[in-house]
Structure formats: C-alpha cells, structure tokens
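For reference, final-v6.csv (CSV, C-alpha atoms):
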```
chain,number,residue,atom,x,y,z
A,1,MET,CA,-33.0,75.6,58.9
A,2,VAL,CA,-36.2,77.5,57.9
A,3,GLU,CA,-39.2,75.2,57.9
A,4,ILE,CA,-40.9,75.2,54.5
A,5,SER,CA,-43.7,72.8,53.7
A,6,VAL,CA,-42.8,69.9,51.4
A,7,SER,CA,-45.6,70.8,49.0
A,8,ASP,CA,-44.2,74.3,48.5
A,9,ILE,CA,-40.7,72.9,47.9
A,10,TRP,CA,-42.0,70.4,45.3
A,11,ALA,CA,-44.0,73.1,43.5
A,12,THR,CA,-41.0,75.5,43.4
A,13,SER,CA,-38.6,72.8,42.4
A,14,GLY,CA,-40.9,71.6,39.6
A,15,VAL,CA,-41.1,75.2,38.1
A,16,LEU,CA,-37.3,75.7,38.4
A,17,LEU,CA,-36.6,72.2,36.9
A,18,GLY,CA,-38.9,72.9,34.0
A,19,LEU,CA,-37.1,76.2,33.2
A,20,GLN,CA,-33.8,74.4,33.5
A,21,VAL,CA,-34.8,71.7,31.1
A,22,ALA,CA,-36.0,74.2,28.6
A,23,ALA,CA,-32.8,76.3,28.8
A,24,THR,CA,-30.7,73.1,28.5
A,25,SER,CA,-32.7,72.0,25.4
A,26,TYR,CA,-32.1,75.4,23.8
A,27,ARG,CA,-28.4,75.2,24.6
A,28,ILE,CA,-28.1,71.8,23.0
A,29,SER,CA,-30.0,72.9,19.9
A,30,ALA,CA,-27.8,76.0,19.5
A,31,GLU,CA,-24.6,74.1,20.0
A,32,THR,CA,-25.7,71.4,17.6
A,33,THR,CA,-26.6,74.0,14.9
A,34,ARG,CA,-23.3,75.8,15.4
A,35,ARG,CA,-21.3,72.6,15.2
A,36,THR,CA,-23.1,71.5,12.0
A,37,GLU,CA,-22.3,74.9,10.5
A,38,ARG,CA,-18.6,74.6,11.3
A,39,LEU,CA,-18.5,71.1,9.9
A,40,LEU,CA,-20.0,72.3,6.7
A,41,ASP,CA,-17.6,75.3,6.7
A,42,GLY,CA,-14.6,73.1,7.2
A,43,GLY,CA,-13.6,74.7,10.5
A,44,LEU,CA,-14.2,71.5,12.3
A,45,THR,CA,-13.6,67.8,11.5
A,46,THR,CA,-15.8,64.9,12.5
A,47,ASP,CA,-13.0,63.3,14.5
A,48,GLU,CA,-12.5,66.2,16.8
A,49,PRO,CA,-14.0,65.5,20.3
A,50,VAL,CA,-17.0,67.3,21.7
A,51,TRP,CA,-16.2,68.7,25.2
A,52,LEU,CA,-18.8,69.0,27.8
A,53,SER,CA,-17.7,72.0,29.8
A,54,PRO,CA,-17.7,72.0,33.6
A,55,CYS,CA,-20.5,74.6,33.7
A,56,GLU,CA,-22.8,72.3,31.8
A,57,ILE,CA,-21.9,69.4,34.0
A,58,LEU,CA,-22.8,71.6,37.0
A,59,ASN,CA,-26.1,72.3,35.3
A,60,LEU,CA,-26.8,68.6,34.7
A,61,GLY,CA,-25.7,67.8,38.3
A,62,GLY,CA,-28.3,70.3,39.6
A,63,MET,CA,-31.1,68.6,37.7
A,64,VAL,CA,-30.0,65.2,39.0
A,65,VAL,CA,-29.9,66.5,42.6
A,66,CYS,CA,-33.4,68.0,42.1
A,67,VAL,CA,-34.9,64.7,40.8
A,68,LEU,CA,-33.1,62.4,43.3
A,69,LEU,CA,-32.9,64.4,46.5
A,70,VAL,CA,-36.1,66.5,46.2
A,71,PHE,CA,-38.5,64.0,44.7
A,72,VAL,CA,-37.3,60.3,44.5
A,73,LEU,CA,-35.3,59.6,47.6
A,74,PRO,CA,-37.6,61.6,50.0
A,75,MET,CA,-40.6,59.7,48.8
A,76,THR,CA,-38.8,56.4,48.9
A,77,LEU,CA,-37.4,56.9,52.4
A,78,HIS,CA,-40.3,59.0,53.7
A,79,SER,CA,-38.0,61.8,54.9
A,80,ASP,CA,-39.3,65.4,54.9
A,81,GLY,CA,-35.9,66.6,56.2
A,82,LEU,CA,-34.2,65.2,53.1
A,83,VAL,CA,-36.5,67.3,50.9
A,84,GLN,CA,-35.2,70.5,52.5
A,85,VAL,CA,-31.6,69.4,52.3
A,86,GLY,CA,-31.9,68.5,48.7
A,87,PHE,CA,-33.7,71.7,47.7
A,88,SER,CA,-31.0,73.8,49.4
A,89,VAL,CA,-28.3,72.1,47.5
A,90,TYR,CA,-30.3,72.3,44.2
A,91,ALA,CA,-30.9,76.1,44.8
A,92,LEU,CA,-27.1,76.7,45.1
A,93,LEU,CA,-26.3,74.7,41.9
A,94,TYR,CA,-29.2,76.4,40.1
A,95,ALA,CA,-27.9,79.9,41.0
A,96,ALA,CA,-24.3,79.1,40.3
A,97,TYR,CA,-24.8,77.9,36.7
A,98,PRO,CA,-25.2,81.3,35.0
A,99,PHE,CA,-22.0,82.6,36.7
A,100,ALA,CA,-20.1,79.4,35.7
A,101,LEU,CA,-21.3,79.9,32.1
A,102,LEU,CA,-20.1,83.5,32.1
A,103,GLY,CA,-16.8,82.3,33.5
A,104,HIS,CA,-16.5,79.6,30.8
A,105,HIS,CA,-16.6,82.4,28.2
A,106,SER,CA,-14.2,84.6,30.2
A,107,MET,CA,-16.7,87.4,30.5
A,108,PHE,CA,-15.7,88.6,34.0
A,109,GLY,CA,-12.5,90.4,32.7
A,110,SER,CA,-9.9,90.3,35.4
A,111,PHE,CA,-12.4,90.2,38.3
A,112,LEU,CA,-12.2,86.4,38.8
A,113,SER,CA,-8.8,85.9,37.3
A,114,THR,CA,-5.3,87.3,37.6
A,115,GLU,CA,-4.6,86.7,33.9
A,116,GLU,CA,-4.3,89.6,31.5
A,117,PRO,CA,-7.7,90.1,29.9
A,118,SER,CA,-7.9,89.1,26.3
A,119,SER,CA,-10.4,87.9,23.7
A,120,PRO,CA,-11.7,84.5,24.9
A,121,PRO,CA,-10.7,81.6,22.7
A,122,PRO,CA,-13.4,79.7,20.8
A,123,SER,CA,-15.5,77.6,23.2
A,124,GLU,CA,-15.0,74.3,21.3
A,125,ARG,CA,-11.3,74.3,22.3
A,126,VAL,CA,-11.8,75.3,25.9
A,127,VAL,CA,-11.9,72.6,28.5
A,128,CYS,CA,-12.2,75.0,31.5
A,129,THR,CA,-11.2,78.6,32.1
A,130,VAL,CA,-9.7,79.9,35.3
A,131,GLN,CA,-12.8,82.1,35.9
A,132,GLU,CA,-15.1,79.1,35.5
A,133,ARG,CA,-12.9,77.1,37.9
A,134,ASN,CA,-13.1,79.9,40.5
A,135,VAL,CA,-16.9,80.0,40.3
A,136,ILE,CA,-17.1,76.3,40.7
A,137,LEU,CA,-14.7,76.5,43.7
A,138,ALA,CA,-17.0,79.0,45.4
A,139,THR,CA,-20.0,76.7,44.6
A,140,THR,CA,-18.2,73.7,46.0
A,141,VAL,CA,-17.4,75.5,49.3
A,142,ALA,CA,-21.1,76.6,49.6
A,143,VAL,CA,-22.5,73.2,48.9
A,144,CYS,CA,-20.2,71.4,51.3
A,145,ALA,CA,-20.9,73.9,54.0
A,146,GLN,CA,-24.6,73.5,53.5
A,147,LEU,CA,-24.4,69.7,53.6
A,148,LEU,CA,-22.3,69.6,56.7
A,149,GLY,CA,-24.5,72.2,58.4
A,150,SER,CA,-27.6,70.1,57.7
A,151,LEU,CA,-26.2,67.1,59.8
A,152,GLY,CA,-27.9,68.5,62.9
A,153,ASP,CA,-31.3,69.0,61.2
A,154,PRO,CA,-34.2,66.5,61.3
A,155,GLY,CA,-34.0,63.8,58.8
A,156,GLY,CA,-32.1,61.0,60.6
A,157,GLY,CA,-29.9,58.6,58.7
A,158,ALA,CA,-31.2,59.6,55.3
A,159,VAL,CA,-29.7,63.0,55.6
A,160,THR,CA,-26.4,61.7,57.0
A,161,PHE,CA,-26.1,59.2,54.2
A,162,VAL,CA,-26.7,61.8,51.5
A,163,VAL,CA,-24.1,64.1,53.2
A,164,VAL,CA,-21.5,61.4,53.4
A,165,VAL,CA,-22.0,60.4,49.7
A,166,LEU,CA,-22.5,63.8,48.1
A,167,CYS,CA,-19.6,65.7,49.7
A,168,PRO,CA,-16.9,63.5,48.2
A,169,ILE,CA,-18.6,63.6,44.8
A,170,VAL,CA,-18.6,67.4,44.9
A,171,LEU,CA,-15.0,67.6,46.0
A,172,CYS,CA,-13.9,65.1,43.3
A,173,PHE,CA,-15.8,67.1,40.7
A,174,TYR,CA,-13.9,70.3,41.7
A,175,ALA,CA,-10.6,68.4,41.6
A,176,LEU,CA,-11.3,67.4,38.0
A,177,VAL,CA,-12.3,71.0,37.2
A,178,HIS,CA,-9.1,72.3,38.8
A,179,HIS,CA,-7.0,69.9,36.8
A,180,ALA,CA,-8.7,70.8,33.5
A,181,ALA,CA,-8.2,74.5,34.2
A,182,VAL,CA,-4.5,74.1,35.0
A,183,ASN,CA,-3.6,71.7,32.2
A,184,GLY,CA,-6.3,72.3,29.5
A,185,GLU,CA,-5.8,74.2,26.3
A,186,GLY,CA,-8.2,77.0,27.2
A,187,GLY,CA,-8.0,78.4,30.6
A,188,GLY,CA,-5.2,77.6,33.0
A,189,ARG,CA,-1.9,79.3,33.7
A,190,ARG,CA,-0.1,76.7,31.5
A,191,GLY,CA,-2.7,77.0,28.8
A,192,ARG,CA,-2.5,80.8,28.8
A,193,ARG,CA,1.3,80.5,28.3
A,194,GLY,CA,0.9,77.8,25.7
A,195,THR,CA,-0.7,77.7,22.3
A,196,GLY,CA,-3.8,76.5,20.6
A,197,SER,CA,-4.2,75.5,17.0
A,198,ILE,CA,-6.9,74.4,14.6
A,199,ARG,CA,-6.3,72.5,11.4
A,200,LYS,CA,-8.4,73.7,8.5
A,201,SER,CA,-8.6,72.7,4.9
A,202,TYR,CA,-6.5,74.7,2.5
A,203,ARG,CA,-9.7,75.3,0.4
A,204,GLN,CA,-10.5,78.1,2.8
A,205,LEU,CA,-7.4,79.9,1.7
A,206,LEU,CA,-8.5,79.4,-1.9
A,207,GLY,CA,-12.0,80.7,-1.2
A,208,GLY,CA,-13.6,77.6,-2.5
A,209,GLY,CA,-16.4,75.3,-1.4
A,210,SER,CA,-16.2,72.0,0.4
A,211,GLY,CA,-16.1,70.0,-2.8
A,212,GLU,CA,-13.4,71.9,-4.7
A,213,VAL,CA,-10.3,70.3,-3.0
A,214,ASP,CA,-9.9,66.6,-2.4
A,215,ALA,CA,-7.9,65.6,0.6
A,216,ASP,CA,-6.3,62.8,-1.4
A,217,ASP,CA,-4.9,65.2,-4.0
A,218,GLU,CA,-1.1,65.6,-3.8
A,219,ASP,CA,-1.5,69.3,-3.7
A,220,PHE,CA,-3.9,69.2,-0.8
A,221,ARG,CA,-2.8,71.5,2.1
A,222,TYR,CA,-4.1,72.4,5.6
A,223,GLU,CA,-4.3,75.8,7.2
A,224,VAL,CA,-3.1,75.7,10.8
A,225,ARG,CA,-4.0,78.7,13.1
A,226,ILE,CA,-1.7,79.0,16.1
A,227,GLU,CA,-2.5,81.3,19.0
A,228,PHE,CA,0.1,82.7,21.3
A,229,ALA,CA,-1.9,84.0,24.3
A,230,SER,CA,-1.0,86.8,26.6
A,231,GLY,CA,0.9,86.1,29.8
A,232,GLU,CA,4.6,85.4,30.5
A,233,ARG,CA,6.7,86.1,27.4
A,234,GLU,CA,8.1,82.6,26.9
A,235,ASP,CA,10.0,82.0,23.7
A,236,ILE,CA,7.7,80.8,21.0
A,237,GLY,CA,10.2,78.2,19.7
A,238,LEU,CA,9.8,78.9,16.0
A,239,GLU,CA,12.8,79.2,13.6
A,240,LEU,CA,11.7,81.2,10.6
A,241,ARG,CA,13.3,81.8,7.2
A,242,GLU,CA,12.5,83.4,3.9
A,243,GLY,CA,11.3,80.7,1.5
A,244,ARG,CA,10.0,80.5,-2.1
A,245,ASP,CA,6.4,80.8,-1.0
A,246,GLY,CA,7.0,83.3,1.8
A,247,ILE,CA,8.1,83.0,5.4
A,248,GLU,CA,8.6,79.4,6.3
A,249,VAL,CA,9.1,77.5,9.6
A,250,SER,CA,12.5,75.9,9.3
A,251,ASP,CA,12.5,74.3,12.8
A,252,VAL,CA,10.4,73.9,16.0
A,253,ARG,CA,12.5,73.9,19.1
A,254,PRO,CA,11.5,71.2,21.6
A,255,ASP,CA,9.7,72.0,24.8
A,256,SER,CA,8.6,75.4,23.5
A,257,LEU,CA,5.3,77.1,23.0
A,258,ALA,CA,5.0,76.1,19.4
A,259,ALA,CA,6.0,72.5,20.2
A,260,ARG,CA,3.0,72.2,22.5
A,261,ALA,CA,0.6,73.2,19.8
A,262,PRO,CA,-0.7,70.3,17.6
A,263,HIS,CA,-0.1,70.2,13.8
A,264,VAL,CA,2.9,72.5,14.0
A,265,CYS,CA,5.9,71.3,11.9
A,266,PRO,CA,8.8,72.5,9.8
A,267,GLY,CA,7.8,73.5,6.3
A,268,MET,CA,4.8,75.5,7.2
A,269,VAL,CA,4.3,78.8,5.4
A,270,LEU,CA,3.1,81.9,7.2
A,271,VAL,CA,0.0,83.2,5.4
A,272,ARG,CA,-1.4,85.9,7.6
A,273,ILE,CA,-1.1,87.2,11.2
A,274,VAL,CA,-3.4,88.9,13.7
A,275,SER,CA,-2.2,90.6,16.8
A,276,LYS,CA,-3.6,92.7,19.7
A,277,GLY,CA,-2.2,95.9,18.2
A,278,SER,CA,-3.6,95.5,14.6
A,279,LYS,CA,-6.1,93.7,12.6
A,280,GLU,CA,-5.5,90.7,10.3
A,281,ARG,CA,-2.8,91.4,7.8
A,282,SER,CA,-1.0,89.4,5.0
A,283,ALA,CA,2.4,88.0,6.0
A,284,LEU,CA,3.6,88.3,2.4
A,285,ASP,CA,4.6,91.9,3.0
A,286,LEU,CA,6.5,91.2,6.3
A,287,SER,CA,10.0,90.1,7.0
A,288,VAL,CA,11.2,87.5,9.4
A,289,SER,CA,12.2,90.2,11.9
A,290,ASP,CA,8.8,91.9,11.6
A,291,VAL,CA,7.0,88.6,12.4
A,292,LEU,CA,9.2,87.8,15.4
A,293,LYS,CA,8.7,91.4,16.8
A,294,ILE,CA,4.9,91.1,16.4
A,295,VAL,CA,4.8,87.7,18.1
A,296,ASN,CA,7.0,88.7,21.0
A,297,GLU,CA,5.6,92.2,21.7
A,298,GLU,CA,2.0,92.2,20.6
A,299,ARG,CA,0.4,89.1,22.2
A,300,PRO,CA,-2.2,87.7,22.1
A,301,VAL,CA,-1.3,87.0,18.4
A,302,SER,CA,-2.4,84.3,16.0
```

What would you get if you wrote out this structure as structure tokens?
Amino acid sequence: MVEISVSDIWATSGVLLGLQVAATSYRISAETTRRTERLLDGGLTTDEPVWLSPCEILNLGGMVVCVLLVFVLPMTLHSDGLVQVGFSVYALLYAAYPFALLGHHSMFGSFLSTEEPSSPPPSERVVCTVQERNVILATTVAVCAQLLGSLGDPGGGAVTFVVVVLCPIVLCFYALVHHAAVNGEGGGRRGRRGTGSIRKSYRQLLGGGSGEVDADDEDFRYEVRIEFASGEREDIGLELREGRDGIEVSDVRPDSLAARAPHVCPGMVLVRIVSKGSKERSALDLSVSDVLKIVNEERPVS
C-alpha cells in the first residue's frame, strides 16, 4: 500500500465528506419538493411508502465509513494503518455512487443490462434496477478485494477486526440489493416481465383540482395506470369487452401479468393507452382487438 501521511488523508477526506454532505442535502431537498408536488397533484398518496434506493444507501454507507474508519476508530485505537484502509474503502464507495445513481435511473442503455432498453419507470416505484445492481456488484467485489488485500499491511488487530466485520456487511448489502433487483417492481427480470400501476384520483380525468371530488362520494373513481414493460411476451391476462362506458375489463386471469399489478380488477374502464409505437391516444376510438394488438405487439405500453 502506498504510504500517505495521516494528515493528508484527513484533509482529503474532510473535503470529500463536505462535498458529499452538500450533495446529499441537495438530493433530499429536491426529492422532498418533488414528493410534495406529487402529493398536491394527486399522483401520490400519503400512505405510499418512501423507498431509499440502494445507490443512496451506498452513499450514506460511504459517509459512515469515512467518519468511523478514517477519523473515529483510528484516533480511538491509535492505528495509522486503519486510516489508510478506511480511506481506500471510502474512496471506492465515493467513486461508485455516481455510477450507481445513473444505474438507478437506467441511463446506461443496454451496456450494463441485457434487457431491451426502454424509458425508465418513475423512480418512486423503483426499488432497484438491474443496472444499479451490477454497479453495486462491481463495487462489492472491489471493496472486498481491497479489505482482504489490506490484511498484510501494518495496523495489527484493528485492521483485521475491521476486515472481519466489514466484509460480511458488504456482502449482505449486495445480497439485499440482488433480491430487490430480481423481485422488485422496477428493475429485475421478473419486474420487467411484470407490471406496475399507480392509483390516482379520478379528478385528474375530470381536469379538476384537489377539492372538487370527495373520496366519500358514491361517484368517486380512481384512475389506475398499468405498465406492461418490454421483455418476454407473456400473456397480459386481461379479458376485455365492449361496455356502456367503453372497453371494460371483464376478468383478470390468475397468475398473469395483470394479476401481479395492484389495483387491477374487473369492471375497470380503459380510458387511454400509450405505447412505444405511438403517443398517448384515447381508447374510446379503439376496439377490443385493437387494444389487444397494441398491448401484445407494441410494448412497453401503459
């Protein structure tokens, strides 16, 4: 390991940590503002959970590593070797965060994923994307290799203790990320074959404000947006029919794409449709066969 003075490491870490805290504060402020706007707009309800994405956990973990392994523990245990080990791990996490953030928003195209590129889903419904998982996998390998390689460096028992504790934590974090990417709504193979949906107040269809429709009214309705993502052409599982108000859902077949999407039920009326091949259009001018053809041949479609 290259020998760098402790004072230089502390100075560099302090500057990087300050920049990281400022960037995190900006992210929190921006997300809070955006969530408030969506609450007022009716696109989000107060009972919907707020997901902390893996890239943000990676960012917070980097700050924790910096504080504990670069400053607190080395001063407590009087270990200069631990400062260098902690800084090397912190530098890897610090550098990985921007790439994980890009992966979270699926901005690498098909470079880090075998999935067919498509417009990334809204971030509030994404637990972890495949691209984000792949970035975190590479980071996990690099961090574990750095920790194991530092066992022969000066630092004694303090370095050994940190390596023994930190490696399992990093591996467990990746295991959780992998599980989220595979089974979550946003990014994994199953999620790409599945559906996502958002329940919105019917007042948005009426073009009214938040106070014009009361949820207790007997005529109150919800708008449900269902997204059938690109990927394997699994049957959507919707039985459609011509109804009095337009095309209606007459049945939802069990264990189908539609059955895995929340809020989907018989009696729903198709209002509009958006596909890869065309912009948003009204469903009032379409027949049942037209809708089924669009859904089966022009995915992603919502």

Near Val291 of chain A, counting all atoms listed in the file, which residues have an atom at most 10 Å away, once you skip same-chain residues fewer than 4 positions from it, shown as a VMD selection string? chain A and resid 240 247 270 273 283 286 to 287 295 to 296

For the residues in the current selection, export C-alpha atoms as a compact mmCIF listing (two decimals), keeping the file's coordinate frame.
```
# COMPACT_ATOMS: atom_id res chain seq x y z
CA LEU A 240 11.70 81.20 10.60
CA ILE A 247 8.10 83.00 5.40
CA LEU A 270 3.10 81.90 7.20
CA ILE A 273 -1.10 87.20 11.20
CA ALA A 283 2.40 88.00 6.00
CA LEU A 286 6.50 91.20 6.30
CA SER A 287 10.00 90.10 7.00
CA VAL A 295 4.80 87.70 18.10
CA ASN A 296 7.00 88.70 21.00
```

Residues near Pro54 of chain A, anyone? I mean within 10 Å using only C-alpha atoms, not counting same-chain ones fewer than 6 positions away, as number ranges by chain. A: 60, 97, 100-101, 104, 127-129, 132-133, 136, 173-174, 176-177, 180-181

For Glu239 of chain A, list every protein, DNA or RNA residue within 8 Å, evaluated using only C-alpha atoms, and leave out those in the same chain fewer than 4 positions away; present the list as an MDAnalysis selection string. chainID A and resid 249:253

Restricting it to C-alpha atoms, dump the selection as a PDB file, keeping the file's coordinate frame.
```pdb
ATOM      1  CA  VAL A 249       9.100  77.500   9.600  1.00  0.00           C
ATOM      2  CA  SER A 250      12.500  75.900   9.300  1.00  0.00           C
ATOM      3  CA  ASP A 251      12.500  74.300  12.800  1.00  0.00           C
ATOM      4  CA  VAL A 252      10.400  73.900  16.000  1.00  0.00           C
ATOM      5  CA  ARG A 253      12.500  73.900  19.100  1.00  0.00           C
TER       6      ARG A 253
END
```

Between A:Ile236, A:Leu73, A:Val130, A:Ile169, which is the closest to Val143 of chain A once you count only C-alpha atoms?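 Of the candidates, the smallest distance to Val143 of chain A is held by A:Ile169.
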
Could you check which of A:Leu238, A:Asp80, A:Tyr94, A:Leu69 is closest to Phe161 of chain A, using only C-alpha atoms?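 Going through A:Leu238, A:Asp80, A:Tyr94, A:Leu69 one by one, the smallest distance to Phe161 of chain A is for A:Leu69.
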
At a cut-off of 12 Å, using only C-alpha atoms, what residues contact Val21 of chain A? Leave out same-chain residues fewer than 3 positions from it and give the result as a list in words. Ser13, Gly14, Val15, Leu16, Leu17, Gly18, Thr24, Ser25, Tyr26, Arg27, Ile28, Asn59, Leu60, Gly62, Met63, Val64, Cys66, Val67 and Tyr94 of chain A

Distance criterion (only C-alpha atoms): nearest to Ala11 of chain A out of A:Val70, A:Leu148, A:Cys172, A:Ala259: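 Residue with the minimum atom-to-atom distance to Ala11 of chain A: A:Val70.
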
From A:Asp245, A:Asp255, A:Glu37, A:Asp8, residue lying nearest Phe87 of chain A [only C-alpha atoms]: A:Asp8

If you measure from atom CA of Val6 of chain A to atom CA of Val83 of chain A, what distance in Å do you get, rounded to one decimal?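 It comes out at 6.8 Å.
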
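A straight line drawn from atom CA of Gly237 of chain A to atom CA of Ser106 of chain A is 27.3 Å long.
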
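Atom pair atom CA of Pro74 of chain A / atom CA of Leu92 of chain A has a distance of 19.0 Å (rounded to one decimal).
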